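Remarks on the structure that follows.
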Amino acid sequence: MLAVCLLLLYLGIVKKFEPLLLVTIGFGGLLSNIPGVEIATGNGLLHLAYEVGIETGAFPLIIFMGVGALTDFGPLLANPKTLFLGAAAQFGIFATLLGALGLTELGLMDFSLREAAAIGIIGGADGPTAIYVAGKLAPNLLGAIAVAAYSYMALVPLIQPPIMRLLTTESERKIEMVQLREVSKAERIIFPLLLLLLVALLLPSAAPLLGMLCFGNLMRECGVVDRLSDTTQNALINIVTIFLGLAVGSKLSAEQFLDWRTLSILLLGIVAFAIGTASGLLMGKVLNRISSTPINPLIGAAGVSAVPMAARVANKVGLEANPQNILLMHAMGPNVAGVIGSAVAAGIMIMFAS
């Protein structure tokens, strides 16, 4: 297990795979596996951080507030159709949930409904959401789920392009999209308020995640609490990220992580991510057929909520097919829609599996 934690540190430091989380998770895992060190048990700092920040859900929620403060919903508001791409990409979450339950029924795996729901959320490619759901539904699998979620987020540039090329034609990848319209300040302020009220009233279990996302975004857009927005985007999210990573690392003890179920979680996670990417692409093809303005299906792959990496990958693949094809801002629409979609999917999982 010490070797596994050193591998996480190597991936974070040398390969720069999600270093903010893999470095802290890996180091927390080292501390929790050194014989005689009590920092991850009892009254140890890492165990207390886990109880205060993960068991209560506080750390993922605070990070979601920071994500909201960093997120520009302008591309989504300028082209609301891309909301469907973000929604379609969440299909991987539910497909993996059903797959895990089906394999359990066949005797090939051994997951409860709560555990299958927590594993499925990896398909949203949203680390804080995965940690939040795992903390609520399957704390015994938290370490494996967190490592899988952040590893696949880091591997977006490797996992997504082959799927994108397989499911789209050369002519589809060359499609150029019209320039986005300017979004007014009033629209930017009203959107997080309207989003929260609509979703919270219909799905109260999604309100904590979505509420913090919307609050962070409102601070960003309203223009009257710049100091609070700046603190949320920088100091606060950085401090919480440190303790979140260490707390998750405290759950990488050998008896919890070195288990055949960990390998199953890693396999199911990549299946969830691949299905989510494919679903977004296929929805992009459908929208291109029925829309009055051209839509490049590649932006559908950005519907997984790995912000902004998935949008950059869509832009890169588009530029390979057509050097004049700048898709980055268009891809940011489904990308931020994916953040909303993963929060809603998390609410659905918690509501039905609790």
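For the structure tokens, the naming scheme is as follows: chains receive sequential letters (A, B, ...) according to their order of presentation, residues are indexed from 1 within each chain, and ligands are indexed from 1 in presentation order.
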For this session: List every residue of region 201-305 of chain A that DSSP, applied to the backbone, labels as helix (DSSP H, G or I), and write the result as number ranges by chain.
Result: A: 201-202, 204-222, 226-249, 254-257, 260-290, 297-303
Exercise. Counting only C-alpha atoms, what is within 7 Å of Gly341 (chain A), bar same-chain residues fewer than 5 positions away, as a list in words?
Worked result: Gly86, Ala87 and Gln90 of chain A
For this session: Show which residues sit within 9 Å of Gly269 (chain A), as a ChimeraX atom specification. Count only C-alpha atoms, and ignore same-chain residues fewer than 4 positions away.
Result: /A:96,119-123,145,148-149,152,264-265,273-274
For region 234-239 of chain A, find every residue with an atom within 9 Å (counting only C-alpha atoms), except residues of its own chain fewer than 5 positions away, and show them as a short mmCIF file (atom, residue, chain, number, x, y, z; two decimals) with N, CA and C atoms, in the first residue's frame.
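So out-v1.cif came out as:
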data_model
loop_
_atom_site.label_atom_id
_atom_site.label_comp_id
_atom_site.auth_asym_id
_atom_site.auth_seq_id
_atom_site.Cartn_x
_atom_site.Cartn_y
_atom_site.Cartn_z
N LEU A 20 -3.08 18.63 -7.53
CA LEU A 20 -3.64 19.23 -6.30
C LEU A 20 -4.27 18.18 -5.40
N ILE A 62 -17.89 22.93 0.14
CA ILE A 62 -17.10 24.16 0.07
C ILE A 62 -16.35 24.23 -1.26
N ILE A 63 -15.82 23.10 -1.70
CA ILE A 63 -15.14 23.08 -3.00
C ILE A 63 -16.12 23.39 -4.12
N PHE A 64 -17.35 22.89 -4.02
CA PHE A 64 -18.36 23.20 -5.04
C PHE A 64 -18.66 24.69 -5.05
N MET A 65 -18.64 25.34 -3.88
CA MET A 65 -18.81 26.79 -3.83
C MET A 65 -17.68 27.47 -4.59
N GLY A 66 -16.45 26.98 -4.40
CA GLY A 66 -15.32 27.54 -5.13
C GLY A 66 -15.42 27.31 -6.62
N VAL A 67 -15.91 26.12 -7.01
CA VAL A 67 -16.11 25.83 -8.44
C VAL A 67 -17.12 26.80 -9.04
N SER A 229 -15.71 36.69 -3.30
CA SER A 229 -15.53 35.85 -4.48
C SER A 229 -14.06 35.50 -4.66
N LEU A 244 -9.06 18.09 2.31
CA LEU A 244 -9.87 17.07 1.64
C LEU A 244 -8.98 15.93 1.15
#
Compile a residue-level contact table for region 206-284 of chain A against region 290-308 of chain A at a cut-off of 6 Å, reporting for every qualifying residue the shortest atom pair and its distance in Å to one decimal, with only C-alpha atoms counted, rows ordered by chain and ascending number, as a Markdown table.
| residue | atom | partner | partner_atom | distance |
| --- | --- | --- | --- | --- |
| A:Thr277 | CA | A:Ala301 | CA | 4.8 |
| A:Gly280 | CA | A:Gly300 | CA | 4.2 |
| A:Leu281 | CA | A:Gly300 | CA | 4.5 |
| A:Gly284 | CA | A:Pro297 | CA | 4.1 |
Take the residues from that selection and put them in a file with N, CA and C atoms, as a PDB file, in the first residue's frame.
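Okay, this is what ended up in result23.pdb:
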ATOM      1  N   THR A 277     -18.998   9.823 -22.041  1.00  0.00           N
ATOM      2  CA  THR A 277     -18.428  10.507 -23.205  1.00  0.00           C
ATOM      3  C   THR A 277     -19.195  10.152 -24.478  1.00  0.00           C
ATOM      4  N   GLY A 280     -22.726  11.779 -24.623  1.00  0.00           N
ATOM      5  CA  GLY A 280     -22.677  13.190 -24.996  1.00  0.00           C
ATOM      6  C   GLY A 280     -22.428  13.379 -26.482  1.00  0.00           C
ATOM      7  N   LEU A 281     -21.543  12.557 -27.047  1.00  0.00           N
ATOM      8  CA  LEU A 281     -21.260  12.641 -28.485  1.00  0.00           C
ATOM      9  C   LEU A 281     -22.489  12.302 -29.317  1.00  0.00           C
ATOM     10  N   GLY A 284     -24.893  15.007 -29.274  1.00  0.00           N
ATOM     11  CA  GLY A 284     -24.416  16.080 -30.144  1.00  0.00           C
ATOM     12  C   GLY A 284     -24.758  15.821 -31.602  1.00  0.00           C
TER      13      GLY A 284
END
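Near region 73-75 of chain A, within 8 Å and counting only C-alpha atoms, sit Leu180, Val183, Arg188, Met329, His330, Met332, Gly333 and Val336 of chain A; same-chain residues fewer than 5 positions away were not included.
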Please write the residues from the selection above to a file, keeping N, CA and C atoms, as a compact mmCIF listing (two decimals), in the first residue's frame.
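File written: selection.txt
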# COMPACT_ATOMS: atom_id res chain seq x y z
N LEU A 180 -20.91 32.84 -30.40
CA LEU A 180 -21.90 32.95 -29.33
C LEU A 180 -22.30 34.40 -29.11
N VAL A 183 -23.86 37.64 -23.41
CA VAL A 183 -24.81 37.37 -22.32
C VAL A 183 -24.82 38.55 -21.37
N ARG A 188 -26.81 36.62 -16.12
CA ARG A 188 -25.82 35.91 -15.31
C ARG A 188 -26.20 35.87 -13.83
N MET A 329 -15.00 27.76 -26.48
CA MET A 329 -16.10 28.42 -25.76
C MET A 329 -17.42 27.68 -25.98
N HIS A 330 -17.60 27.10 -27.16
CA HIS A 330 -18.81 26.31 -27.41
C HIS A 330 -18.83 25.07 -26.52
N MET A 332 -17.46 24.79 -23.63
CA MET A 332 -17.64 25.15 -22.23
C MET A 332 -19.11 25.12 -21.82
N GLY A 333 -20.03 25.30 -22.78
CA GLY A 333 -21.46 25.21 -22.48
C GLY A 333 -21.83 23.85 -21.91
N VAL A 336 -19.94 23.04 -18.41
CA VAL A 336 -20.53 23.53 -17.15
C VAL A 336 -21.92 22.92 -16.93
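Straight-line separation from CA of Leu197 (chain A) to CA of Asn217 (chain A): 14.4 Å.
Using only C-alpha atoms, the nearest neighbour of Leu83 (chain A) within the list A:Ala345, A:Leu167, A:Met351, A:Val339 is A:Val339.
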For this session: Would you kindly return, as a PyMOL selection string, each protein, DNA or RNA residue with an atom no farther than 7 Å from any atom of Cys214 (chain A), considering only C-alpha atoms and excluding same-chain residues fewer than 3 positions away?
Result: chain A and resi 68+192-193+196+210-211+217-218
Seminar exercise, completed: Residue with the minimum atom-to-atom distance to Thr241 (chain A), picked from A:Leu7, A:Val14, A:Leu21, A:Ala343 with only C-alpha atoms counted, is A:Leu21
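Take the candidates A:Pro19, A:Leu45, A:Leu8, A:Ala3 and check each one against Phe243 (chain A) using only C-alpha atoms; the shortest distance goes to A:Leu45.
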Problem set entry | Spatial neighbours of Ala321 (chain A), max dist 9 Å, only C-alpha atoms, sep filter under 6 positions, as a PyMOL selection string | chain A and resi 170-171+173-174
For the residues selected in the previous step, produce a file with N, CA and C atoms as an mmCIF file, in the first residue's frame.
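File written: out.cif
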data_model
loop_
_atom_site.group_PDB
_atom_site.id
_atom_site.type_symbol
_atom_site.label_atom_id
_atom_site.label_comp_id
_atom_site.auth_asym_id
_atom_site.auth_seq_id
_atom_site.Cartn_x
_atom_site.Cartn_y
_atom_site.Cartn_z
ATOM 1 N N GLU A 170 -15.289 12.445 -40.135
ATOM 2 C CA GLU A 170 -14.374 13.560 -40.403
ATOM 3 C C GLU A 170 -15.146 14.837 -40.693
ATOM 4 N N SER A 171 -16.223 14.720 -41.472
ATOM 5 C CA SER A 171 -17.010 15.911 -41.815
ATOM 6 C C SER A 171 -17.688 16.497 -40.587
ATOM 7 N N ARG A 173 -16.524 16.388 -37.499
ATOM 8 C CA ARG A 173 -15.493 17.036 -36.690
ATOM 9 C C ARG A 173 -15.055 18.371 -37.290
ATOM 10 N N LYS A 174 -15.312 18.567 -38.569
ATOM 11 C CA LYS A 174 -14.930 19.822 -39.234
ATOM 12 C C LYS A 174 -15.980 20.915 -39.099
#
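Counting only C-alpha atoms and comparing A:Leu113, A:Ala311, A:Leu6, A:Leu155, the residue that lies closest to Thr24 (chain A) is A:Leu6.
In this model, the gap between CA of Leu9 (chain A) and CA of Pro60 (chain A) comes to 21.6 Å.
Of the residues listed (A:Leu263, A:Leu76, A:Ala89, A:Leu246), A:Leu76 shows the shortest atom-to-atom separation from Glu182 (chain A); distances use only C-alpha atoms.
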List as a tab-separated table every residue of region 192-275 of chain A that is in contact with region 27-30 of chain A, defined as an atom at most 9 Å from one of its atoms (using only C-alpha atoms), together with the nearest atom pair and the distance in Å rounded to one decimal, sorted by chain and then rising number.
residue	atom	partner	partner_atom	distance
A:Gly245	CA	A:Gly28	CA	7.1
A:Leu246	CA	A:Gly28	CA	4.4
A:Ala247	CA	A:Gly28	CA	6.9
A:Val248	CA	A:Gly28	CA	7.3
A:Gly249	CA	A:Gly28	CA	4.1
A:Ser250	CA	A:Gly28	CA	5.4
A:Lys251	CA	A:Gly29	CA	7.1
A:Leu252	CA	A:Gly29	CA	5.2
A:Ser253	CA	A:Gly29	CA	6.8
Seminar exercise, completed: A straight line from CA of Val23 (chain A) to CA of Ile39 (chain A) spans 17.5 Å
